[in-house]
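Below: structure.cif (mmCIF, C-alpha atoms)
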data_protein
#
loop_
_atom_site.label_atom_id
_atom_site.label_comp_id
_atom_site.auth_asym_id
_atom_site.auth_seq_id
_atom_site.Cartn_x
_atom_site.Cartn_y
_atom_site.Cartn_z
CA MET A 1332 88.42 88.94 44.05
CA ALA A 1333 84.84 87.87 44.74
CA GLN A 1334 82.12 90.49 45.04
CA LEU A 1335 81.32 91.24 48.68
CA SER A 1336 77.76 91.43 49.90
CA TYR A 1337 76.44 93.93 52.41
CA HIS A 1338 76.48 91.25 55.13
CA ASP A 1339 80.12 90.32 54.54
CA VAL A 1340 81.20 93.54 56.24
CA PHE A 1341 79.85 92.24 59.55
CA TRP A 1342 82.41 89.40 59.39
CA PHE A 1343 85.45 91.55 58.61
CA VAL A 1344 88.29 90.84 61.05
CA PRO A 1345 88.40 94.43 62.41
CA ASN A 1346 84.65 94.28 63.09
CA LEU A 1347 85.04 90.96 64.92
CA ILE A 1348 87.68 92.69 67.03
CA GLY A 1349 85.18 95.53 67.54
CA TYR A 1350 82.53 93.09 68.79
CA SER A 1351 85.04 91.66 71.27
CA ARG A 1352 85.69 95.22 72.48
CA VAL A 1353 81.96 95.60 73.18
CA VAL A 1354 81.95 92.34 75.16
CA LEU A 1355 85.03 93.42 77.11
CA ALA A 1356 83.41 96.79 77.83
CA ALA A 1357 80.33 94.98 79.14
CA MET A 1358 82.60 92.88 81.36
CA ALA A 1359 84.20 96.10 82.66
CA VAL A 1360 80.74 97.49 83.52
CA PHE A 1361 79.93 94.21 85.30
CA GLY A 1362 83.20 94.55 87.23
CA MET A 1363 82.36 98.13 88.18
CA TYR A 1364 78.87 97.21 89.34
CA TYR A 1365 80.05 94.27 91.46
CA GLU A 1366 83.24 96.05 92.57
CA HIS A 1367 85.76 93.70 90.98
CA PRO A 1368 88.59 96.14 90.20
CA CYS A 1369 90.86 93.50 88.63
CA LEU A 1370 88.15 92.36 86.21
CA THR A 1371 87.27 95.97 85.42
CA PHE A 1372 90.87 97.01 84.84
CA VAL A 1373 91.85 94.02 82.69
CA SER A 1374 88.71 93.99 80.55
CA TYR A 1375 88.74 97.77 80.02
CA ALA A 1376 92.47 97.82 79.24
CA LEU A 1377 92.12 94.92 76.79
CA SER A 1378 89.22 96.67 75.09
CA GLU A 1379 91.37 99.77 74.64
CA LEU A 1380 94.36 97.77 73.35
CA LEU A 1381 92.09 96.07 70.83
CA ASP A 1382 91.13 99.55 69.65
CA VAL A 1383 94.64 99.78 68.21
CA ALA A 1384 94.35 96.30 66.69
CA ASP A 1385 91.07 96.89 64.86
CA GLY A 1386 92.45 99.88 62.98
CA TYR A 1387 95.69 98.08 62.18
CA TYR A 1388 93.89 95.05 60.74
CA ALA A 1389 91.37 97.20 58.87
CA ARG A 1390 94.24 98.81 56.97
CA LYS A 1391 96.40 95.69 56.68
CA LEU A 1392 93.57 93.47 55.36
CA ASN A 1393 91.96 96.27 53.33
CA GLN A 1394 88.78 95.82 55.37
CA CYS A 1395 87.98 99.44 56.18
CA SER A 1396 84.23 100.07 56.25
CA LYS A 1397 81.77 102.71 57.37
CA PHE A 1398 80.21 100.15 59.71
CA GLY A 1399 83.60 99.46 61.31
CA GLU A 1400 84.36 103.16 61.57
CA VAL A 1401 81.08 103.83 63.39
CA LEU A 1402 81.41 100.70 65.56
CA ASP A 1403 84.87 101.85 66.62
CA MET A 1404 83.84 105.43 67.35
CA VAL A 1405 80.67 104.50 69.23
CA THR A 1406 82.54 101.90 71.30
CA ASP A 1407 85.22 104.46 72.14
CA ARG A 1408 82.68 107.08 73.20
CA CYS A 1409 80.60 104.61 75.23
CA THR A 1410 83.52 103.04 77.10
CA THR A 1411 84.96 106.41 78.08
CA THR A 1412 81.53 107.73 79.08
CA VAL A 1413 80.83 104.70 81.27
CA LEU A 1414 84.20 104.92 83.00
CA LEU A 1415 83.91 108.67 83.64
CA THR A 1416 80.37 108.30 84.93
CA TYR A 1417 81.51 105.57 87.29
CA LEU A 1418 84.50 107.66 88.41
CA ALA A 1419 82.14 110.52 89.26
CA GLN A 1420 80.11 108.17 91.46
CA LEU A 1421 83.20 106.46 92.88
CA TYR A 1422 84.91 109.65 94.01
CA GLY A 1423 81.69 111.28 95.21
CA SER A 1424 82.88 114.79 94.48
CA ARG A 1425 80.48 117.23 92.85
CA VAL A 1426 83.38 119.17 91.36
CA LEU A 1427 84.90 116.03 89.83
CA ALA A 1428 81.47 114.95 88.60
CA LEU A 1429 81.08 118.31 86.85
CA ILE A 1430 84.55 118.01 85.31
CA PHE A 1431 83.81 114.47 84.11
CA CYS A 1432 80.48 115.63 82.63
CA LEU A 1433 82.27 118.41 80.76
CA ILE A 1434 84.88 115.93 79.46
CA ILE A 1435 82.12 113.57 78.29
CA SER A 1436 80.31 116.43 76.54
CA LEU A 1437 83.50 117.63 74.88
CA ASP A 1438 84.44 114.10 73.79
CA ILE A 1439 81.08 113.32 72.20
CA SER A 1440 80.46 116.73 70.66
CA SER A 1441 83.96 117.16 69.22
CA HIS A 1442 83.90 113.74 67.57
CA TYR A 1443 80.41 114.35 66.22
CA MET A 1444 81.35 117.77 64.85
CA GLN A 1445 84.52 116.40 63.25
CA MET A 1446 82.66 113.54 61.59
CA TYR A 1447 79.79 115.75 60.45
CA SER A 1448 82.05 118.50 59.11
CA GLN A 1449 84.00 115.97 57.09
CA LEU A 1450 80.78 114.44 55.78
CA ILE A 1451 79.29 117.73 54.56
CA THR A 1452 82.55 118.67 52.83
CA GLY A 1453 82.52 115.45 50.85
CA LYS A 1454 85.23 113.55 52.70
CA THR A 1455 84.85 109.79 52.93
CA ASN A 1456 86.54 109.49 56.33
CA HIS A 1457 86.53 111.67 59.45
CA LYS A 1458 90.34 111.44 59.60
CA GLN A 1459 90.92 113.10 56.23
CA MET A 1460 92.37 116.59 56.71
CA ASP A 1461 92.63 119.58 54.40
CA GLN A 1462 95.97 121.36 54.12
CA ASN A 1463 94.49 124.40 55.91
CA ALA A 1464 93.17 122.39 58.88
CA HIS A 1465 94.49 123.31 62.32
CA TRP A 1466 97.91 121.76 62.92
CA ILE A 1467 96.78 120.01 66.11
CA LEU A 1468 93.88 118.32 64.30
CA LYS A 1469 96.16 117.36 61.41
CA ALA A 1470 98.68 115.81 63.80
CA TYR A 1471 95.96 114.01 65.76
CA TYR A 1472 94.17 112.54 62.75
CA THR A 1473 97.08 111.89 60.36
CA ASP A 1474 100.00 110.79 62.57
CA ARG A 1475 99.24 107.43 64.20
CA LYS A 1476 101.91 107.96 66.86
CA VAL A 1477 100.32 111.24 67.96
CA LEU A 1478 96.85 109.68 67.93
CA PHE A 1479 98.08 106.71 69.98
CA ALA A 1480 99.87 108.94 72.49
CA PHE A 1481 96.77 111.09 73.06
CA CYS A 1482 94.37 108.15 73.28
CA PHE A 1483 96.64 106.01 75.43
CA GLY A 1484 97.40 108.89 77.78
CA ASN A 1485 93.74 109.77 78.10
CA GLU A 1486 92.49 106.25 78.81
CA ALA A 1487 95.48 105.36 81.02
CA PHE A 1488 94.86 108.45 83.15
CA PHE A 1489 91.20 107.53 83.68
CA LEU A 1490 92.05 103.89 84.42
CA LEU A 1491 94.68 104.96 86.93
CA LEU A 1492 92.09 107.21 88.61
CA TYR A 1493 89.89 104.12 88.86
CA LEU A 1494 92.69 101.97 90.28
CA ASN A 1495 93.69 104.71 92.72
CA LYS A 1496 90.45 104.11 94.63
CA TYR A 1497 91.20 100.40 95.02
CA LEU A 1498 94.98 100.16 95.27
CA PRO A 1499 95.12 100.75 99.05
CA TYR A 1500 93.11 97.54 99.45
CA TYR A 1501 95.58 95.59 97.32
CA ALA A 1502 98.80 97.10 98.65
CA LEU A 1503 101.66 94.65 99.08
CA TYR A 1504 103.28 96.30 102.08
#
If you convert what's in this file into C-alpha cells, what do you get?
Amino acid sequence: MAQLSYHDVFWFVPNLIGYSRVVLAAMAVFGMYYEHPCLTFVSYALSELLDVADGYYARKLNQCSKFGEVLDMVTDRCTTTVLLTYLAQLYGSRVLALIFCLIISLDISSHYMQMYSQLITGKTNHKQMDQNAHWILKAYYTDRKVLFAFCFGNEAFFLLLYLNKYLPYYALY
C-alpha cells in the first residue's frame, strides 16, 4: 500500500461524507431562516442519516482518522445546537428555551469531557472503554445498536418537535 500524505486524509470517503453533512446542515439552517420546513426536514434528516454512513465507511474502508473523528463530532454538536436554538425561538417559551439551553450544555460538555478523559488516559479514540467504565457509557460507546437507538431517538424527537409547528399548515384533511 502506498504511503499516505497528511493531505490524503481530507479526501477519505468518510470525510467527503462529512463535508456533505456540513452542506446539508447549512441547507437546513437556510430552510429554518426562510421558513421552508420541507427543505429543513429533508436536509437535516439526510445529514443525520449520513452520520451513520460516515462511521460505517470509515471502518469498512479502514479510513478512520482523527480529522474525521473531530469533523463528525463537531458536525453533530453544531447541527443539534442549531436545531435546539431554533426550536427555542420557534416555540417562544422561556421554559423550553431554558430546557434546550441545558440540553445543549449537557451535550457539548459531556462529549468534551468524554473525549478529554480518554485523551489524558492514553486512549486513541473517545469510544474506547475500560472494563470498569459505567455500564451505560460502555453500552453507548461499544454497541452500535445502542448508539444508533439513542442518537436516532434524540434527533428524531427534535425533528418531530420542529415539524409539529408546521404540520397543521400541511395537513391533508
Please provide as an mmCIF file with C-alpha atoms, in the frame of the given file all residues within 8 Å of range 1365-1376 of chain A, with the sequence filter that same-chain residues fewer than 3 positions apart are discarded (counting all atoms listed in the file).
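Wrote it out as around_19.cif, contents follow:
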data_model
loop_
_atom_site.group_PDB
_atom_site.id
_atom_site.type_symbol
_atom_site.label_atom_id
_atom_site.label_comp_id
_atom_site.auth_asym_id
_atom_site.auth_seq_id
_atom_site.Cartn_x
_atom_site.Cartn_y
_atom_site.Cartn_z
ATOM 1 C CA LEU A 1355 85.030 93.420 77.110
ATOM 2 C CA ALA A 1356 83.410 96.790 77.830
ATOM 3 C CA MET A 1358 82.600 92.880 81.360
ATOM 4 C CA ALA A 1359 84.200 96.100 82.660
ATOM 5 C CA VAL A 1360 80.740 97.490 83.520
ATOM 6 C CA PHE A 1361 79.930 94.210 85.300
ATOM 7 C CA GLY A 1362 83.200 94.550 87.230
ATOM 8 C CA GLU A 1379 91.370 99.770 74.640
ATOM 9 C CA LEU A 1380 94.360 97.770 73.350
ATOM 10 C CA THR A 1410 83.520 103.040 77.100
ATOM 11 C CA LEU A 1490 92.050 103.890 84.420
ATOM 12 C CA LEU A 1494 92.690 101.970 90.280
ATOM 13 C CA TYR A 1497 91.200 100.400 95.020
#
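Note that CA of Asp1403 in chain A and CA of Leu1381 in chain A are 10.2 Å apart.
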Could you list, as an mmCIF file with C-alpha atoms, in the frame of the given file, every residue matched by the PyMOL selection byres ((chain A and resi 1382) around 9) in this structure?
data_model
loop_
_atom_site.group_PDB
_atom_site.id
_atom_site.type_symbol
_atom_site.label_atom_id
_atom_site.label_comp_id
_atom_site.auth_asym_id
_atom_site.auth_seq_id
_atom_site.Cartn_x
_atom_site.Cartn_y
_atom_site.Cartn_z
ATOM 1 C CA ILE A 1348 87.680 92.690 67.030
ATOM 2 C CA GLY A 1349 85.180 95.530 67.540
ATOM 3 C CA ARG A 1352 85.690 95.220 72.480
ATOM 4 C CA LEU A 1377 92.120 94.920 76.790
ATOM 5 C CA SER A 1378 89.220 96.670 75.090
ATOM 6 C CA GLU A 1379 91.370 99.770 74.640
ATOM 7 C CA LEU A 1380 94.360 97.770 73.350
ATOM 8 C CA LEU A 1381 92.090 96.070 70.830
ATOM 9 C CA VAL A 1383 94.640 99.780 68.210
ATOM 10 C CA ALA A 1384 94.350 96.300 66.690
ATOM 11 C CA ASP A 1385 91.070 96.890 64.860
ATOM 12 C CA GLY A 1386 92.450 99.880 62.980
ATOM 13 C CA TYR A 1387 95.690 98.080 62.180
ATOM 14 C CA ASP A 1403 84.870 101.850 66.620
ATOM 15 C CA ASP A 1407 85.220 104.460 72.140
#
(request) Using the chain letters and residue numbers of this document, give as a PyMOL selection string the residues selected by the PyMOL selection byres ((chain A and resi 1439) around 10). (result) chain A and resi 1404-1405+1407-1409+1411-1412+1434-1438+1440-1444
Exercise for the section: Using all atoms listed in the file, find the one residue out of A:Tyr1493, A:Tyr1337, A:Phe1343, A:Trp1466 that sits nearest to Leu1421 in chain A. Expected result: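 So, comparing all the options, the nearest one is A:Tyr1493.
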With 3 Å of padding per side, what axis-aligned box (centre and edge lengths, Å, one decimal) covers all the listed atoms of range 1377-1389 of chain A? Give it as lines of an AutoDock Vina configuration file.
center_x = 92.5
center_y = 97.4
center_z = 67.8
size_x = 12.5
size_y = 11.0
size_z = 23.9
Shortest contact to Lys1458 in chain A, candidates A:Met1363, A:Gln1420, A:Trp1342, A:Glu1400, atoms counted all atoms listed in the file, goes to A:Glu1400
When you count all atoms listed in the file, which of these residues is closest to Leu1418 in chain A: A:Leu1491, A:Leu1335, A:Ile1467, A:Val1340?
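Closest candidate: A:Leu1491.
The space separating CA of Thr1406 in chain A from CA of Val1353 in chain A comes to 6.6 Å.
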### Query
What is the distance between CA of Phe1481 in chain A and CA of Leu1392 in chain A, in Å to one decimal?
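The value is 25.2 Å.
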Discussion item. Applying 10 Å and all atoms listed in the file, which residues near Ser1396 in chain A remain after dropping the ones on its own chain fewer than 6 positions away? List them as a PyMOL selection string.
Written reply: chain A and resi 1340-1341+1343+1345-1346+1389+1402+1456
Please produce a file of those selected residues containing C-alpha atoms, as a short mmCIF file (atom, residue, chain, number, x, y, z; two decimals), in the frame of the given file.
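Listing of again-v6.cif after writing:
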data_model
loop_
_atom_site.label_atom_id
_atom_site.label_comp_id
_atom_site.auth_asym_id
_atom_site.auth_seq_id
_atom_site.Cartn_x
_atom_site.Cartn_y
_atom_site.Cartn_z
CA VAL A 1340 81.20 93.54 56.24
CA PHE A 1341 79.85 92.24 59.55
CA PHE A 1343 85.45 91.55 58.61
CA PRO A 1345 88.40 94.43 62.41
CA ASN A 1346 84.65 94.28 63.09
CA ALA A 1389 91.37 97.20 58.87
CA LEU A 1402 81.41 100.70 65.56
CA ASN A 1456 86.54 109.49 56.33
#
From the list A:Leu1427, A:Leu1414, A:Cys1432, A:Met1446, the nearest residue to Lys1397 in chain A using all atoms listed in the file is A:Met1446
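The smallest atom-to-atom distance between Gly1399 in chain A and any of A:Ala1470, A:Leu1347, A:Leu1478, A:Ala1357, using all atoms listed in the file, is found for A:Leu1347.
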